[in-house]
>>> print(open('work.cif').read())   # mmCIF, C-alpha atoms
data_target
#
loop_
_atom_site.label_atom_id
_atom_site.label_comp_id
_atom_site.auth_asym_id
_atom_site.auth_seq_id
_atom_site.Cartn_x
_atom_site.Cartn_y
_atom_site.Cartn_z
CA MET W 1 72.88 181.23 78.74
CA ILE W 2 69.33 180.34 79.59
CA LYS W 3 68.64 179.74 83.24
CA THR W 4 65.61 178.42 85.02
CA VAL W 5 64.47 180.17 88.18
CA LEU W 6 62.69 177.70 90.40
CA ASN W 7 60.11 179.27 92.68
CA LYS W 8 59.05 176.02 94.24
CA ASN W 9 55.37 176.42 94.78
CA VAL W 10 53.92 178.55 92.08
CA THR W 11 55.72 179.54 88.93
CA ASP W 12 58.85 178.47 87.14
CA ILE W 13 60.20 181.02 84.74
CA ILE W 14 62.58 180.30 81.92
CA ASN W 15 64.58 183.45 81.20
CA ASP W 16 67.17 184.42 78.68
CA GLU W 17 70.39 186.14 79.69
CA ASP W 18 68.77 189.57 79.67
CA ASN W 19 66.19 188.21 82.11
CA SER W 20 63.35 188.58 79.66
CA ILE W 21 60.77 185.88 80.18
CA LEU W 22 60.77 183.22 77.48
CA LEU W 23 58.35 180.73 78.99
CA LYS W 24 56.30 180.73 82.16
CA ILE W 25 55.27 177.49 83.80
CA THR W 26 52.66 177.88 86.54
CA VAL W 27 52.45 174.76 88.66
CA ASN W 28 49.25 173.90 90.51
CA MET W 29 49.80 171.04 92.90
CA ASP W 30 46.92 168.82 93.78
CA ASN W 31 47.98 165.80 95.85
CA ASP W 32 50.09 163.66 93.52
CA LYS W 33 48.90 165.51 90.46
CA ARG W 34 50.45 168.63 89.01
CA ILE W 35 48.81 170.92 86.51
CA LEU W 36 51.41 172.84 84.52
CA VAL W 37 49.98 175.89 82.83
CA LEU W 38 52.43 176.87 80.10
CA SER W 39 52.53 180.41 78.87
CA GLY W 40 54.59 181.60 75.91
CA PRO W 41 55.94 180.30 72.64
CA ILE W 42 57.96 177.08 72.90
CA LYS W 43 60.81 178.01 70.59
CA THR W 44 64.02 176.04 70.20
CA ASN W 45 65.80 178.34 72.65
CA VAL W 46 63.57 177.30 75.59
CA ALA W 47 63.17 173.64 74.70
CA GLU W 48 66.14 172.36 76.65
CA ALA W 49 65.15 174.18 79.84
CA PHE W 50 61.53 173.15 79.27
CA SER W 51 62.55 169.52 78.93
CA LYS W 52 64.60 169.68 82.13
CA ASN W 53 61.72 171.29 83.99
CA LEU W 54 59.27 168.71 82.67
CA MET W 55 61.45 165.80 83.81
CA GLU W 56 61.89 167.38 87.21
CA GLN W 57 58.14 167.79 87.60
CA LEU W 58 57.63 164.20 86.47
CA HIS W 59 60.06 162.89 89.09
CA ASN W 60 58.18 164.76 91.79
CA SER W 61 54.63 163.76 90.97
CA ASP W 62 52.60 160.82 89.66
CA LYS W 63 50.61 162.69 87.12
CA LEU W 64 51.28 165.76 85.01
CA ILE W 65 48.64 167.69 83.15
CA LEU W 66 50.12 170.15 80.66
CA ASP W 67 47.75 172.98 79.88
CA PHE W 68 48.62 174.45 76.46
CA SER W 69 45.87 177.07 76.31
CA ASP W 70 48.43 179.89 76.31
CA VAL W 71 50.89 178.29 73.90
CA ALA W 72 50.37 179.43 70.32
CA TYR W 73 53.68 178.26 68.91
CA MET W 74 55.81 175.16 69.28
CA ALA W 75 58.95 174.17 67.37
CA SER W 76 60.09 170.57 66.92
CA ALA W 77 62.47 170.92 69.86
CA GLY W 78 59.38 171.29 72.05
CA LEU W 79 58.00 168.06 70.60
CA ARG W 80 61.24 166.34 71.46
CA ALA W 81 60.87 167.48 75.08
CA LEU W 82 57.39 165.95 75.20
CA LEU W 83 58.64 162.75 73.55
CA THR W 84 61.47 162.41 76.09
CA ALA W 85 59.00 162.68 78.98
CA GLN W 86 56.55 160.25 77.38
CA GLN W 87 59.27 157.70 76.65
CA TYR W 88 60.47 157.94 80.25
CA ILE W 89 56.92 157.05 81.36
CA ASP W 90 56.58 154.23 78.83
CA ASP W 91 60.00 152.68 79.19
CA ILE W 92 61.15 153.43 82.71
CA ASP W 93 58.31 154.25 85.04
CA ASN W 94 54.79 153.54 83.88
CA SER W 95 53.28 154.34 87.24
CA LYS W 96 53.50 157.92 86.00
CA ASP W 97 51.14 159.63 83.63
CA MET W 98 51.17 162.76 81.46
CA GLU W 99 48.20 164.41 79.80
CA ILE W 100 48.21 167.29 77.35
CA THR W 101 45.22 169.53 77.16
CA ASN W 102 43.89 172.68 75.47
CA ILE W 103 46.09 172.60 72.37
CA ASN W 104 45.16 175.05 69.62
CA SER W 105 44.56 174.02 66.01
CA GLU W 106 48.10 174.98 64.98
CA ILE W 107 49.72 172.64 67.53
CA ARG W 108 47.12 169.94 66.87
CA ASP W 109 48.14 170.17 63.24
CA VAL W 110 51.79 169.54 64.17
CA PHE W 111 50.78 166.63 66.47
CA GLU W 112 48.72 165.08 63.69
CA SER W 113 51.18 165.49 60.84
CA THR W 114 54.01 164.03 62.94
CA GLY W 115 51.94 161.19 64.40
CA PHE W 116 52.54 162.55 67.90
CA ILE W 117 48.78 162.61 68.39
CA ASN W 118 49.03 158.81 68.77
CA ILE W 119 52.08 158.91 71.01
CA LEU W 120 51.05 161.55 73.48
CA ASN W 121 48.03 161.49 75.71
CA VAL W 122 46.08 164.42 74.25
CA ILE W 123 42.81 165.18 76.00
CA ASP W 124 40.19 167.42 74.39
CA MET P 125 63.45 192.13 54.08
CA HIS P 126 67.14 191.25 53.87
CA TRP P 127 69.14 190.02 56.79
CA THR P 128 72.60 188.50 57.06
CA GLY P 129 74.09 187.35 60.33
CA ARG P 130 75.29 184.52 62.49
CA ALA P 131 73.12 181.44 62.53
CA THR P 132 72.63 181.30 66.31
CA LEU P 133 69.59 180.81 68.54
CA ASP P 134 69.78 184.38 69.82
CA GLU P 135 69.68 185.76 66.30
CA TRP P 136 66.62 183.68 65.50
CA ASP P 137 64.71 185.53 68.23
CA LYS P 138 65.42 188.83 66.45
CA ILE P 139 64.47 187.51 63.02
CA TYR P 140 61.29 186.02 64.45
CA ASP P 141 60.23 189.49 65.61
CA ILE P 142 61.19 191.18 62.33
CA ILE P 143 59.28 188.67 60.20
CA PHE P 144 56.31 188.55 62.56
CA ASN P 145 55.96 192.35 62.46
CA GLU P 146 56.42 192.60 58.72
CA LEU P 147 53.81 189.95 57.92
CA THR P 148 51.43 191.46 60.48
CA ASP P 149 51.81 194.82 58.72
CA HIS P 150 50.81 193.09 55.50
CA GLY P 151 47.53 192.14 57.16
CA PHE P 152 47.98 188.38 57.21
CA GLU P 153 46.22 186.20 59.78
CA HIS P 154 48.07 185.75 63.06
CA SER P 155 47.65 181.96 63.07
CA GLU P 156 49.04 181.64 59.55
CA ILE P 157 52.03 183.82 60.41
CA ILE P 158 52.75 181.67 63.48
CA SER P 159 52.50 178.52 61.38
CA PHE P 160 54.93 179.90 58.79
CA LEU P 161 57.35 181.03 61.50
CA VAL P 162 57.51 177.47 62.84
CA ALA P 163 58.51 176.34 59.32
CA LEU P 164 61.19 179.03 59.14
CA GLU P 165 62.55 178.33 62.62
CA GLU P 166 63.13 174.67 61.77
CA ILE P 167 65.24 175.64 58.74
CA PHE P 168 67.16 178.30 60.63
CA ILE P 169 67.90 175.91 63.52
CA ASN P 170 69.02 173.26 61.09
CA ILE P 171 71.53 175.66 59.54
CA SER P 172 72.58 176.76 63.02
CA ASN P 173 73.15 173.20 64.24
CA TYR P 174 74.61 171.47 61.20
CA ALA P 175 75.69 173.67 58.31
CA TYR P 176 79.00 174.80 59.81
CA ALA P 177 79.27 172.34 62.72
CA PRO P 178 81.20 172.43 64.96
CA ASP P 179 81.64 176.10 64.05
CA ILE P 180 79.04 178.80 63.56
CA GLY P 181 78.65 180.58 60.26
CA ASN P 182 76.53 183.12 58.49
CA VAL P 183 73.14 182.81 56.92
CA LYS P 184 71.39 185.23 54.60
CA ILE P 185 67.63 185.54 54.81
CA GLU P 186 65.55 187.35 52.21
CA MET P 187 61.79 187.73 52.33
CA ASN P 188 59.56 188.85 49.50
CA VAL P 189 55.84 189.44 49.69
CA GLU P 190 53.89 189.48 46.45
CA ASP P 191 50.16 189.73 46.98
CA ASN P 192 49.42 186.72 49.18
CA MET P 193 52.54 184.80 48.31
CA VAL P 194 55.40 185.02 50.77
CA THR P 195 58.81 183.67 49.79
CA VAL P 196 61.67 183.33 52.24
CA GLY P 197 65.11 182.37 50.98
CA PHE P 198 67.93 181.03 53.15
CA THR P 199 71.49 181.04 51.84
CA ASP P 200 74.43 179.52 53.68
CA LYS P 201 77.92 178.50 52.68
CA GLY P 202 78.04 175.47 54.96
CA LYS P 203 78.06 171.78 54.09
CA LYS P 204 76.02 170.87 51.06
CA PHE P 205 72.63 169.73 52.30
CA ASN P 206 69.40 169.23 50.39
CA PRO P 207 66.53 168.96 52.89
CA LEU P 208 64.21 167.75 50.11
CA GLU P 209 66.19 164.50 50.00
CA ILE P 210 65.56 163.69 53.65
CA ASP P 211 63.14 160.83 54.28
CA PRO P 212 60.14 161.73 56.41
CA PRO P 213 60.16 160.25 59.92
CA ASP P 214 58.26 157.00 60.43
CA ILE P 215 55.17 158.50 62.00
CA ARG P 216 53.56 155.08 62.50
CA ALA P 217 56.42 153.74 64.62
CA PRO P 218 55.41 152.69 68.14
CA ARG P 219 56.13 155.30 70.77
CA SER P 220 59.21 153.68 72.25
CA LYS P 221 60.79 153.43 68.80
CA ARG P 222 60.16 157.03 67.83
CA LYS P 223 63.40 158.89 67.37
CA PRO P 224 63.65 162.51 68.32
CA GLY P 225 65.44 163.60 65.12
CA GLY P 226 64.25 164.35 61.61
CA LEU P 227 61.10 166.10 62.65
CA GLY P 228 62.10 169.69 61.96
CA ILE P 229 62.39 169.47 58.17
CA PHE P 230 59.23 167.40 58.00
CA ILE P 231 57.26 169.99 59.99
CA SER P 232 58.72 172.75 57.88
CA ARG P 233 57.61 171.06 54.66
CA SER P 234 54.14 170.38 55.98
CA LYS P 235 53.70 174.07 56.79
CA THR P 236 54.78 175.50 53.45
CA ASP P 237 53.22 175.21 50.02
CA GLU P 238 56.51 174.79 48.25
CA MET P 239 60.16 174.26 49.06
CA LEU P 240 62.89 174.73 46.46
CA TYR P 241 66.55 173.86 46.83
CA GLU P 242 69.62 174.52 44.74
CA TYR P 243 73.35 174.38 45.35
CA LYS P 244 75.06 177.23 43.57
CA ASN P 245 78.33 179.16 44.06
CA ASN P 246 79.25 176.88 46.98
CA SER P 247 76.03 177.86 48.69
CA ASN P 248 72.92 176.07 49.85
CA LYS P 249 69.94 178.04 48.66
CA LEU P 250 66.59 177.07 50.06
CA LYS P 251 63.31 178.83 49.36
CA LEU P 252 60.10 178.40 51.31
CA ILE P 253 56.91 179.60 49.72
CA LYS P 254 53.57 180.02 51.44
CA ASN P 255 50.31 181.31 50.02
CA PHE P 256 48.44 183.14 52.74
CA SER P 257 44.68 183.39 52.70
CA ASP P 258 43.45 186.83 51.83
CA THR P 259 40.34 187.33 53.94
CA LYS P 260 41.86 189.90 56.24
CA ARG P 261 43.62 191.75 53.44
CA LYS P 262 40.43 192.12 51.44
CA GLY P 263 38.96 193.72 54.53
CA LEU P 264 41.85 196.18 54.64
CA GLU P 265 41.43 197.12 50.99
CA ILE P 266 37.76 197.94 51.46
CA TYR P 267 38.55 200.38 54.22
CA ASP P 268 41.64 201.87 52.61
#
>>> encode(input="work.cif", output="structure tokens")
Amino acid sequence: MIKTVLNKNVTDIINDEDNSILLKITVNMDNDKRILVLSGPIKTNVAEAFSKNLMEQLHNSDKLILDFSDVAYMASAGLRALLTAQQYIDDIDNSKDMEITNINSEIRDVFESTGFINILNVID
Amino acid sequence: MHWTGRATLDEWDKIYDIIFNELTDHGFEHSEIISFLVALEEIFINISNYAYAPDIGNVKIEMNVEDNMVTVGFTDKGKKFNPLEIDPPDIRAPRSKRKPGGLGIFISRSKTDEMLYEYKNNSNKLKLIKNFSDTKRKGLEIYD
């Protein structure tokens, strides 16, 4: 089973059962804003833990900035995680905000072909 | 490349590495390989989640590389399912109405040049075909 190790201040690591790192989430806290630097491919096997982490971060801050500069690969399960967070903001608590930044052309392509580019707050 | 095994998330991780390495050895561009792997993952996950649900079954994966054309075939003996008949998601729907499902197949189709389906011998047979660009390979040939 995948487990998430929460090291409160700096980095959250999503591991698989052999403890190899699947996705690293470095959290920089700046007042009510959190910058999440994601590092690793967002495959289906990390998406659930990623989604949980994202929601937790969202509950604990007013604004999330997701830095995708070190994410080359994202499956649709990763998109679903982003959609869940965005719909929480839109439908339940719109005092919150989430921005996505530094996406590569591959992920931009997925955002555009799925229309997610209009749903998510993507900043160039 | 031929591989037969259980359609589970853990297995996908192994296949990802095998395919990534094989296509890298062929000299294809990293970004194109990544893009194709996303397409393949969506199909694999779909088989994993639905073909034998609630059980888990086997899937056979075969990859052929002919010049720049890469063909990957998936064969499973699960429920009959033709992904080419699935409607694309409504990408113009307002955010709150967007549903989380139906994206995988759509992404997969948008990242391949051709997708072929047939149901034969009680098996779903799906082929994904992608034509890779040949810039890097031409470079390799010159220095061979």
>>> resolve_selection(input="work.cif", expression="the PyMOL selection byres ((chain P) within 6 of (chain W))", output="list of chain:residue names")
P:Val162, P:Ile215, P:Arg219, P:Ser220, P:Pro224, P:Gly228
>>> atom_distance(input="work.cif", atom1="CA of Ile167 in chain P", atom2="CA of Glu153 in chain P")
21.8 Å
>>> resolve_selection(input="work.cif", expression="the PyMOL selection byres ((chain W and resi 100) around 9)", output="PDB file with C-alpha atoms, in the coordinates of the input")
ATOM      1  CA  LEU W  64      51.280 165.760  85.010  1.00  0.00           C
ATOM      2  CA  ILE W  65      48.640 167.690  83.150  1.00  0.00           C
ATOM      3  CA  LEU W  66      50.120 170.150  80.660  1.00  0.00           C
ATOM      4  CA  ASP W  67      47.750 172.980  79.880  1.00  0.00           C
ATOM      5  CA  PHE W  68      48.620 174.450  76.460  1.00  0.00           C
ATOM      6  CA  MET W  98      51.170 162.760  81.460  1.00  0.00           C
ATOM      7  CA  GLU W  99      48.200 164.410  79.800  1.00  0.00           C
ATOM      8  CA  THR W 101      45.220 169.530  77.160  1.00  0.00           C
ATOM      9  CA  ASN W 102      43.890 172.680  75.470  1.00  0.00           C
ATOM     10  CA  ILE W 103      46.090 172.600  72.370  1.00  0.00           C
ATOM     11  CA  LEU W 120      51.050 161.550  73.480  1.00  0.00           C
ATOM     12  CA  ASN W 121      48.030 161.490  75.710  1.00  0.00           C
ATOM     13  CA  VAL W 122      46.080 164.420  74.250  1.00  0.00           C
ATOM     14  CA  ILE W 123      42.810 165.180  76.000  1.00  0.00           C
ATOM     15  CA  ASP W 124      40.190 167.420  74.390  1.00  0.00           C
TER      16      ASP W 124
END
>>> closest_residue(input="work.cif", among="P:Glu135, P:Glu166, P:Asp179, P:Asp191", to="Leu147 in chain P", atoms="all atoms listed in the file")
P:Asp191
>>> residues_around(input="work.cif", residues="range 169-177 of chain P", least_positions_apart="6", cutoff="8 Å", atoms="all atoms listed in the file", output="list of chain:residue names")
W:Thr44, P:Ala131, P:Thr132, P:Leu133, P:Val183, P:Asp200, P:Lys201, P:Gly202, P:Lys203, P:Lys204, P:Phe205, P:Gly228
>>> residues_around(input="work.cif", residues="Tyr243 in chain P", least_positions_apart="3", cutoff="9 Å", atoms="all atoms listed in the file", output="MDAnalysis selection string")
chainID P and resid 204:206 246:250
>>> write_last_selection(input="work.cif", atoms="C-alpha atoms", output="tab-separated table (two decimals), in the coordinates of the input")
chain	number	residue	atom	x	y	z
P	204	LYS	CA	76.02	170.87	51.06
P	205	PHE	CA	72.63	169.73	52.30
P	206	ASN	CA	69.40	169.23	50.39
P	246	ASN	CA	79.25	176.88	46.98
P	247	SER	CA	76.03	177.86	48.69
P	248	ASN	CA	72.92	176.07	49.85
P	249	LYS	CA	69.94	178.04	48.66
P	250	LEU	CA	66.59	177.07	50.06
>>> resolve_selection(input="work.cif", expression="the PyMOL selection byres ((chain P and resi 139-141) around 12)", output="ChimeraX atom specification")
/W:41,43-44,73 /P:125-138,142-148,157-166,168,183-187,196
>>> atom_distance(input="work.cif", atom1="CA of Asp12 in chain W", atom2="CA of Val27 in chain W")
7.6 Å
>>> closest_residue(input="work.cif", among="P:Leu227, P:Leu208, P:Ile180, P:Met239", to="Thr195 in chain P", atoms="all atoms listed in the file")
P:Met239
>>> closest_residue(input="work.cif", among="P:Ser155, P:Met193, P:Lys254, P:Asp214", to="Ser232 in chain P", atoms="all atoms listed in the file")
P:Lys254
>>> atom_distance(input="work.cif", atom1="CA of Leu23 in chain W", atom2="CA of Asp70 in chain W")
10.3 Å
>>> build_atoms(input="work.cif", residues="range 154-165 of chain P", atoms="all heavy atoms", output="compact mmCIF listing (two decimals), keeping the file's coordinate frame")
# COMPACT_ATOMS: atom_id res chain seq x y z
N HIS P 154 47.11 186.08 62.00
CA HIS P 154 48.07 185.75 63.06
C HIS P 154 48.42 184.25 63.05
O HIS P 154 49.59 183.88 63.10
CB HIS P 154 47.45 186.16 64.41
CG HIS P 154 48.32 185.89 65.58
ND1 HIS P 154 49.27 186.78 66.03
CD2 HIS P 154 48.39 184.82 66.40
CE1 HIS P 154 49.88 186.25 67.06
NE2 HIS P 154 49.38 185.08 67.32
N SER P 155 47.39 183.40 62.97
CA SER P 155 47.65 181.96 63.07
C SER P 155 48.47 181.46 61.88
O SER P 155 49.30 180.55 62.02
CB SER P 155 46.34 181.18 63.17
OG SER P 155 45.57 181.42 62.01
N GLU P 156 48.27 182.06 60.72
CA GLU P 156 49.04 181.64 59.55
C GLU P 156 50.50 182.12 59.64
O GLU P 156 51.41 181.44 59.20
CB GLU P 156 48.41 182.19 58.27
CG GLU P 156 47.12 181.50 57.90
CD GLU P 156 46.61 181.95 56.53
OE1 GLU P 156 47.00 181.35 55.53
OE2 GLU P 156 45.85 182.94 56.50
N ILE P 157 50.67 183.30 60.23
CA ILE P 157 52.03 183.82 60.41
C ILE P 157 52.81 182.91 61.37
O ILE P 157 53.95 182.52 61.10
CB ILE P 157 52.00 185.27 60.97
CG1 ILE P 157 51.31 186.21 59.97
CG2 ILE P 157 53.42 185.76 61.28
CD1 ILE P 157 51.07 187.62 60.50
N ILE P 158 52.14 182.55 62.47
CA ILE P 158 52.75 181.67 63.48
C ILE P 158 53.15 180.34 62.82
O ILE P 158 54.25 179.83 63.03
CB ILE P 158 51.73 181.41 64.63
CG1 ILE P 158 51.52 182.69 65.45
CG2 ILE P 158 52.17 180.26 65.51
CD1 ILE P 158 52.63 183.03 66.38
N SER P 159 52.25 179.79 62.04
CA SER P 159 52.50 178.52 61.38
C SER P 159 53.72 178.61 60.45
O SER P 159 54.58 177.72 60.43
CB SER P 159 51.24 178.13 60.59
OG SER P 159 51.51 177.05 59.77
N PHE P 160 53.81 179.71 59.71
CA PHE P 160 54.93 179.90 58.79
C PHE P 160 56.23 180.10 59.57
O PHE P 160 57.28 179.59 59.18
CB PHE P 160 54.63 181.12 57.90
CG PHE P 160 55.56 181.26 56.72
CD1 PHE P 160 55.89 180.18 55.92
CD2 PHE P 160 56.09 182.51 56.39
CE1 PHE P 160 56.74 180.32 54.83
CE2 PHE P 160 56.93 182.65 55.30
CZ PHE P 160 57.26 181.56 54.52
N LEU P 161 56.15 180.81 60.69
CA LEU P 161 57.35 181.03 61.50
C LEU P 161 57.92 179.72 62.05
O LEU P 161 59.13 179.56 62.17
CB LEU P 161 57.06 182.02 62.64
CG LEU P 161 57.13 183.49 62.22
CD1 LEU P 161 56.44 184.38 63.24
CD2 LEU P 161 58.58 183.94 62.06
N VAL P 162 57.03 178.79 62.38
CA VAL P 162 57.51 177.47 62.84
C VAL P 162 58.34 176.83 61.71
O VAL P 162 59.44 176.32 61.93
CB VAL P 162 56.35 176.54 63.26
CG1 VAL P 162 56.85 175.12 63.50
CG2 VAL P 162 55.64 177.07 64.50
N ALA P 163 57.80 176.91 60.48
CA ALA P 163 58.51 176.34 59.32
C ALA P 163 59.88 176.99 59.15
O ALA P 163 60.88 176.31 58.89
CB ALA P 163 57.67 176.53 58.06
N LEU P 164 59.93 178.31 59.32
CA LEU P 164 61.19 179.03 59.14
C LEU P 164 62.19 178.72 60.26
O LEU P 164 63.39 178.56 60.02
CB LEU P 164 60.94 180.55 59.08
CG LEU P 164 60.00 181.04 57.97
CD1 LEU P 164 59.80 182.54 58.08
CD2 LEU P 164 60.56 180.69 56.60
N GLU P 165 61.66 178.62 61.49
CA GLU P 165 62.55 178.33 62.62
C GLU P 165 63.26 176.99 62.43
O GLU P 165 64.45 176.86 62.70
CB GLU P 165 61.76 178.31 63.94
CG GLU P 165 62.63 177.84 65.13
CD GLU P 165 62.03 178.14 66.50
OE1 GLU P 165 61.18 179.03 66.62
OE2 GLU P 165 62.45 177.48 67.47
